[in-house]
Amino acid sequence: MAVSKRFDAVVVGSGAGGAAAAWRLCEKGLRVLLLEAGPRFDPARDYSLSQPDWERHPFPSPPGSRGRISIAPLDRLDPADAELRSWSRASGPLVRGETRQPMGPGYWHVQGVGGSTLHFVGESHRMHPQAMKLRSLHGVGCDWPIDYADLEPYYALCEHLVGVAGPPDQGARWRSTPFPLPPHPLSPPAQRLVAAGGRLGMHWQPNSRAALSVAYDGRPPCNYCGNCNRGCPLGDKGSADVTFIRKGLASGRLTLKPASPVVRIRAIANGRIDTVEYLEGKTLRRIEAPILVLAAGAVQTPRLLLANRSRRHPRGLANGSGQVGRNFMETLSWNSTGLVPGLTQSHVGLQADAICWDFNAPDAIPGLAGGCRFNSSVQEIGFTGPIAYATRVVGGFGKQLKEGVRAHFGSALSVGAIGEFLPNEHTFVDLDPQQKDRLGIPLPRLHSHLGRPEIERLKFMASQCRRLLKEAGAIELVEEFGAWDHLSATHVFGTCRMGSASLASVVDATCRSHDHPNLYITDASVFPSSGGGESPSLTIHALAARAADAIAGEVLPPSRRAV
Amino acid sequence: MTQNAFKQRRRLLQVVGAFFLGQAFNVSPTFAATAPSPTEKTTFAEFLDVLLPRDAVSGSATDLRVDAQLWDLAGEDARFRRLIALGCQWLNATGGPPFAQLSAEQQIAVVEWMSNSDWNQIPRRFYELVRQTAVEVYYSNTAAWRGLPIDRPPQPLGYLPPWQ
């Protein structure tokens, strides 16, 4: 097989981290090959929001757009914690049985050009500075080897590229520049939560969102259809395909190859990554990788590293520490929904448009280390059409069913919460010993265990959600679901932890492997902690752009630096 | 088949597949997906119209051709076809006249009993899966939205402020 040498860097994965790294490397003057295992989506063809049956279509999943995984047996459920059981008024308990179960695939992600930013809601959050110092300040978890100040310029850079809309008041998250766009107007359900939170002494505010509040950079503003996570057909949502990848391609230095899964990564005697093999159609190609940036996400990235075992690297690539796949952190989430008389338009507006950070700092929840946040979630969890009301809110059949849908449509109010997930020894990703994908690579296997701190944090989150709904005038709760009995991870972290000590981490503060000098990892697998509910995409972008600057500073002679 | 019709069909099959997978309940894989008999057609249509009856605001399930779409689906999924066959058999073997010949009150009483019956038996599984799929098909038709504060899909117009 011939080895192609055309590129300065090869980036694997075109989601939040790969796309941002590829863009920044191109900006700096490098020629970049971006390999994406999944397809390129066509919003006009693939997204269904203009069809009357849009509710039946979550984000599309054509062949190759979701990586196969396996899930190890999950925890038995302790009846003492049954207040956290998922249920709906229409269906009763959502988990029938005594063990935690995956909801849907268990790990929600998109393999395709833009990665999981295609189906993300588009919250654009900076980490709380204290959440990056959990060990030294609060005695739990792990510190980041960098500070908020190290990331701040890159946060600002990426916010301006994406077009983030948000309010000036950001508390501990100090800013060197204002958000590029003004905040979005609060939707009817968000207005209810802001008012109710105020009466309870909570500070709710417009969320910072990767969605355009006004036209920006050739993209139109949001039209508030309330269905961001089904795929945005307008292009106002700041998914990586319409932001970083579009800009990278415009530079003329980016070559994008969709549907090109990586099969093998080879390291040579001095530790450097030598070549990458990938499949293009049915043809196996080998490409030289002067720089390799892995950004396949916190499940697929460790899987690629672990699967590339060799005599020289018997534990897999980048795994001298034995930490690849360890420290997996998943999404600790909760949602409560109630019906509010007089509320009639809760289906309109931007998803997750209001947020409360009051309990986000690691010491903000009394008696627990690790924070959480609350947000308006009614559109995000799908109460945007009549099918949701008929299947989740209104039980029964006949006249009562139809009248119930008409009576309640638009009155659902939901509060969501996401909290810190502290790493534990029982939660990790390894290779499935039996199951392999079509390329013969073992599937990643997820092991998940909720520690006592997570369960107690969930209880706090649930109690606050219920309290808020009651204050907002909800006469009845109609649905609740959360991570206690469901594995339903969207944000995943930690499996290639960043750190200063090569014996206890996988990459250094610039996201470079301790073991391979030309291997970088720029996805959420490098996060040493999950944060107290911050959505991770902006931090992934910022880390990736920062890593790209480090790469460019090292490999490019001054004469080739474009920026 | 249009692109959207294909996606609709695929989504419905996913719902059916997820139901059987999620409930660890299955029927013989050797069952052949045969065309519905006249009795099955009548029974199933009556059952669907008990679930989603016509009222002063909007039509019934069969008014909106939900029965035809579910039969199409059953033609592609032997498990669903078999469940419908068993469910229709059960509806016509409750000890009295066939389901279609019961009074409206009697039909409602039968379906009410099904909705509260043993989760692991045919009547309940039939009720749950048919209700789920019928509701999805029914409310995917804009004719079913009369009386609701929506009259079009979310795009391309969105819901621009000001709001209430």
# chains A, B, ... in the order shown; residues from 1 in each chain; ligands from 1
>>> closest_atom_pairs(of="chain B", to="chain A", cutoff="6 Å", atoms="only C-alpha atoms", output="Markdown table")
| residue | atom | partner | partner_atom | distance |
| --- | --- | --- | --- | --- |
| B:Val50 | CA | A:Gly398 | CA | 5.6 |
| B:Leu51 | CA | A:Gly398 | CA | 4.6 |
| B:Leu52 | CA | A:Gly398 | CA | 5.0 |
| B:Pro53 | CA | A:Gly398 | CA | 5.7 |
| B:Glu136 | CA | A:Ile387 | CA | 5.8 |
| B:Tyr139 | CA | A:Ile387 | CA | 5.9 |
| B:Ser140 | CA | A:Asp53 | CA | 4.2 |
| B:Leu148 | CA | A:Arg406 | CA | 5.6 |
| B:Pro153 | CA | A:Pro52 | CA | 5.3 |
| B:Pro154 | CA | A:Cys225 | CA | 5.1 |
| B:Gln155 | CA | A:Ser50 | CA | 4.6 |
| B:Pro156 | CA | A:Ser50 | CA | 5.9 |
| B:Gly158 | CA | A:Cys225 | CA | 4.2 |
| B:Tyr159 | CA | A:Tyr224 | CA | 5.3 |
| B:Leu160 | CA | A:Asn223 | CA | 5.6 |
>>> residues_around(residues="segment 516-525 of chain A", least_positions_apart="3", cutoff="9 Å", atoms="only C-alpha atoms", output="NGL selection string")
:A and (15-18 or 20-21 or 267 or 270-273 or 289-299 or 301-302 or 317-318 or 325 or 328 or 491-498 or 507 or 510-513 or 528 or 530 or 536-537 or 539-541 or 543-545 or 547 or 551)
>>> residues_around(residues="Gly29 of chain A", least_positions_apart="5", cutoff="12 Å", atoms="only C-alpha atoms", output="list of chain:residue names")
A:Phe7, A:Asp8, A:Ala9, A:Ala22, A:Trp23, A:Arg24, A:Gly248, A:Ser251, A:Gly252, A:Arg253, A:Leu254, A:Ala548, A:Asp549, A:Ile551, A:Ala552, A:Gly553, A:Val555, A:Leu556, A:Pro557, A:Pro558, A:Ser559, A:Arg560, A:Arg561, A:Ala562, A:Val563
>>> select_by_dssp(residues="segment 54-111 of chain B", states="helix (DSSP H, G or I)", output="PyMOL selection string")
chain B and resi 66-74+78-91+99-101+104-111
>>> write_last_selection(atoms="N, CA and C atoms", output="mmCIF file, in the first residue's frame")
data_model
loop_
_atom_site.group_PDB
_atom_site.id
_atom_site.type_symbol
_atom_site.label_atom_id
_atom_site.label_comp_id
_atom_site.auth_asym_id
_atom_site.auth_seq_id
_atom_site.Cartn_x
_atom_site.Cartn_y
_atom_site.Cartn_z
ATOM 1 N N VAL B 66 -55.514 5.828 9.613
ATOM 2 C CA VAL B 66 -54.502 5.237 10.484
ATOM 3 C C VAL B 66 -54.482 3.716 10.310
ATOM 4 N N ASP B 67 -55.655 3.115 10.121
ATOM 5 C CA ASP B 67 -55.715 1.655 9.955
ATOM 6 C C ASP B 67 -54.913 1.211 8.736
ATOM 7 N N ALA B 68 -55.075 1.918 7.645
ATOM 8 C CA ALA B 68 -54.354 1.521 6.426
ATOM 9 C C ALA B 68 -52.845 1.619 6.632
ATOM 10 N N GLN B 69 -52.411 2.666 7.325
ATOM 11 C CA GLN B 69 -50.965 2.815 7.534
ATOM 12 C C GLN B 69 -50.419 1.741 8.475
ATOM 13 N N LEU B 70 -51.209 1.364 9.458
ATOM 14 C CA LEU B 70 -50.717 0.315 10.365
ATOM 15 C C LEU B 70 -50.728 -1.056 9.679
ATOM 16 N N TRP B 71 -51.672 -1.288 8.796
ATOM 17 C CA TRP B 71 -51.620 -2.549 8.044
ATOM 18 C C TRP B 71 -50.397 -2.583 7.133
ATOM 19 N N ASP B 72 -50.073 -1.444 6.541
ATOM 20 C CA ASP B 72 -48.846 -1.390 5.725
ATOM 21 C C ASP B 72 -47.633 -1.758 6.575
ATOM 22 N N LEU B 73 -47.615 -1.197 7.774
ATOM 23 C CA LEU B 73 -46.495 -1.485 8.670
ATOM 24 C C LEU B 73 -46.464 -2.966 9.041
ATOM 25 N N ALA B 74 -47.631 -3.510 9.325
ATOM 26 C CA ALA B 74 -47.694 -4.929 9.693
ATOM 27 C C ALA B 74 -47.214 -5.819 8.556
ATOM 28 N N ALA B 78 -43.233 -8.932 10.782
ATOM 29 C CA ALA B 78 -44.013 -10.131 11.135
ATOM 30 C C ALA B 78 -44.425 -10.135 12.604
ATOM 31 N N ARG B 79 -43.606 -9.530 13.450
ATOM 32 C CA ARG B 79 -43.963 -9.518 14.871
ATOM 33 C C ARG B 79 -45.199 -8.666 15.105
ATOM 34 N N PHE B 80 -45.230 -7.532 14.467
ATOM 35 C CA PHE B 80 -46.384 -6.643 14.614
ATOM 36 C C PHE B 80 -47.630 -7.290 14.003
ATOM 37 N N ARG B 81 -47.435 -7.932 12.840
ATOM 38 C CA ARG B 81 -48.567 -8.607 12.182
ATOM 39 C C ARG B 81 -49.134 -9.691 13.086
ATOM 40 N N ARG B 82 -48.271 -10.442 13.693
ATOM 41 C CA ARG B 82 -48.700 -11.538 14.569
ATOM 42 C C ARG B 82 -49.419 -10.982 15.807
ATOM 43 N N LEU B 83 -48.891 -9.890 16.337
ATOM 44 C CA LEU B 83 -49.530 -9.305 17.517
ATOM 45 C C LEU B 83 -50.933 -8.794 17.164
ATOM 46 N N ILE B 84 -51.078 -8.182 16.007
ATOM 47 C CA ILE B 84 -52.411 -7.722 15.591
ATOM 48 C C ILE B 84 -53.353 -8.918 15.445
ATOM 49 N N ALA B 85 -52.850 -9.988 14.838
ATOM 50 C CA ALA B 85 -53.694 -11.184 14.660
ATOM 51 C C ALA B 85 -54.165 -11.712 16.012
ATOM 52 N N LEU B 86 -53.239 -11.805 16.943
ATOM 53 C CA LEU B 86 -53.600 -12.330 18.270
ATOM 54 C C LEU B 86 -54.544 -11.373 18.996
ATOM 55 N N GLY B 87 -54.274 -10.072 18.850
ATOM 56 C CA GLY B 87 -55.123 -9.091 19.508
ATOM 57 C C GLY B 87 -56.538 -9.119 18.953
ATOM 58 N N CYS B 88 -56.665 -9.211 17.638
ATOM 59 C CA CYS B 88 -58.001 -9.260 17.032
ATOM 60 C C CYS B 88 -58.723 -10.549 17.437
ATOM 61 N N GLN B 89 -57.991 -11.628 17.466
ATOM 62 C CA GLN B 89 -58.600 -12.894 17.933
ATOM 63 C C GLN B 89 -59.146 -12.720 19.340
ATOM 64 N N TRP B 90 -58.330 -12.117 20.186
ATOM 65 C CA TRP B 90 -58.755 -11.941 21.580
ATOM 66 C C TRP B 90 -59.992 -11.040 21.660
ATOM 67 N N LEU B 91 -60.002 -9.954 20.879
ATOM 68 C CA LEU B 91 -61.138 -9.022 20.910
ATOM 69 C C LEU B 91 -62.445 -9.701 20.506
ATOM 70 N N PHE B 99 -66.178 -8.115 18.517
ATOM 71 C CA PHE B 99 -65.925 -6.755 19.013
ATOM 72 C C PHE B 99 -66.686 -5.705 18.211
ATOM 73 N N ALA B 100 -66.719 -5.870 16.895
ATOM 74 C CA ALA B 100 -67.353 -4.859 16.048
ATOM 75 C C ALA B 100 -68.850 -4.770 16.286
ATOM 76 N N GLN B 101 -69.437 -5.818 16.866
ATOM 77 C CA GLN B 101 -70.888 -5.801 17.080
ATOM 78 C C GLN B 101 -71.268 -5.357 18.493
ATOM 79 N N ALA B 104 -71.046 0.816 21.752
ATOM 80 C CA ALA B 104 -69.904 1.703 22.022
ATOM 81 C C ALA B 104 -69.464 1.582 23.477
ATOM 82 N N GLU B 105 -70.422 1.505 24.392
ATOM 83 C CA GLU B 105 -70.080 1.401 25.810
ATOM 84 C C GLU B 105 -69.365 0.090 26.104
ATOM 85 N N GLN B 106 -69.839 -0.977 25.475
ATOM 86 C CA GLN B 106 -69.201 -2.279 25.691
ATOM 87 C C GLN B 106 -67.776 -2.282 25.115
ATOM 88 N N GLN B 107 -67.618 -1.697 23.959
ATOM 89 C CA GLN B 107 -66.264 -1.641 23.365
ATOM 90 C C GLN B 107 -65.311 -0.871 24.291
ATOM 91 N N ILE B 108 -65.781 0.226 24.804
ATOM 92 C CA ILE B 108 -64.935 1.022 25.703
ATOM 93 C C ILE B 108 -64.584 0.207 26.950
ATOM 94 N N ALA B 109 -65.544 -0.524 27.459
ATOM 95 C CA ALA B 109 -65.279 -1.323 28.661
ATOM 96 C C ALA B 109 -64.230 -2.399 28.377
ATOM 97 N N VAL B 110 -64.290 -3.014 27.208
ATOM 98 C CA VAL B 110 -63.298 -4.039 26.849
ATOM 99 C C VAL B 110 -61.899 -3.408 26.762
ATOM 100 N N VAL B 111 -61.809 -2.269 26.080
ATOM 101 C CA VAL B 111 -60.496 -1.638 25.905
ATOM 102 C C VAL B 111 -59.969 -1.121 27.254
#
>>> closest_residue(among="B:Pro149, B:Glu46, B:Ala144, B:Ala35", to="Ser103 of chain B", atoms="only C-alpha atoms")
B:Glu46
>>> select_by_dssp(residues="segment 233-366 of chain A", states="strand (DSSP E)", output="mmCIF file with C-alpha atoms, in the first residue's frame")
data_model
loop_
_atom_site.group_PDB
_atom_site.id
_atom_site.type_symbol
_atom_site.label_atom_id
_atom_site.label_comp_id
_atom_site.auth_asym_id
_atom_site.auth_seq_id
_atom_site.Cartn_x
_atom_site.Cartn_y
_atom_site.Cartn_z
ATOM 1 C CA LEU A 254 -8.514 21.632 4.686
ATOM 2 C CA THR A 255 -9.321 18.338 3.002
ATOM 3 C CA LEU A 256 -12.408 16.681 4.452
ATOM 4 C CA LYS A 257 -13.118 13.004 3.966
ATOM 5 C CA VAL A 262 -9.727 4.931 10.845
ATOM 6 C CA VAL A 263 -8.666 1.299 10.930
ATOM 7 C CA ARG A 264 -5.132 1.427 12.290
ATOM 8 C CA ILE A 265 -2.652 3.834 13.808
ATOM 9 C CA ARG A 266 1.015 2.884 13.755
ATOM 10 C CA ALA A 267 3.756 4.134 16.048
ATOM 11 C CA ILE A 273 3.033 8.171 15.245
ATOM 12 C CA ASP A 274 4.040 7.184 11.752
ATOM 13 C CA THR A 275 0.972 6.442 9.663
ATOM 14 C CA VAL A 276 -2.796 6.180 9.838
ATOM 15 C CA GLU A 277 -4.804 3.691 7.833
ATOM 16 C CA TYR A 278 -8.390 4.490 6.964
ATOM 17 C CA LEU A 279 -11.087 3.111 4.769
ATOM 18 C CA GLU A 280 -12.393 5.195 1.901
ATOM 19 C CA THR A 283 -10.235 1.041 -0.391
ATOM 20 C CA LEU A 284 -7.813 0.915 2.500
ATOM 21 C CA ARG A 285 -5.528 3.942 2.406
ATOM 22 C CA ARG A 286 -2.431 4.737 4.405
ATOM 23 C CA ILE A 287 -1.440 8.308 5.112
ATOM 24 C CA GLU A 288 1.634 9.721 6.764
ATOM 25 C CA LEU A 292 -2.056 13.184 14.515
ATOM 26 C CA VAL A 293 -4.970 14.792 16.338
ATOM 27 C CA LEU A 294 -7.508 12.353 17.747
ATOM 28 C CA LEU A 332 -25.701 13.125 35.589
ATOM 29 C CA SER A 333 -29.051 14.539 34.570
ATOM 30 C CA TRP A 334 -32.567 15.010 35.847
ATOM 31 C CA ASN A 335 -35.776 16.401 34.352
ATOM 32 C CA SER A 336 -39.143 17.131 35.926
ATOM 33 C CA THR A 337 -42.214 18.245 33.999
ATOM 34 C CA GLY A 338 -45.482 19.635 35.283
ATOM 35 C CA LEU A 339 -48.613 21.170 33.798
ATOM 36 C CA ALA A 354 -32.841 30.107 30.541
ATOM 37 C CA ILE A 355 -30.339 28.869 33.093
ATOM 38 C CA CYS A 356 -29.606 29.092 36.801
#
>>> atom_distance(atom1="atom CA of Phe126 of chain B", atom2="atom CA of Gly97 of chain A")
20.7 Å
>>> closest_residue(among="A:Ser500, A:Ser414, A:Ser529, A:Ser70", to="Lys133 of chain A", atoms="only C-alpha atoms")
A:Ser529
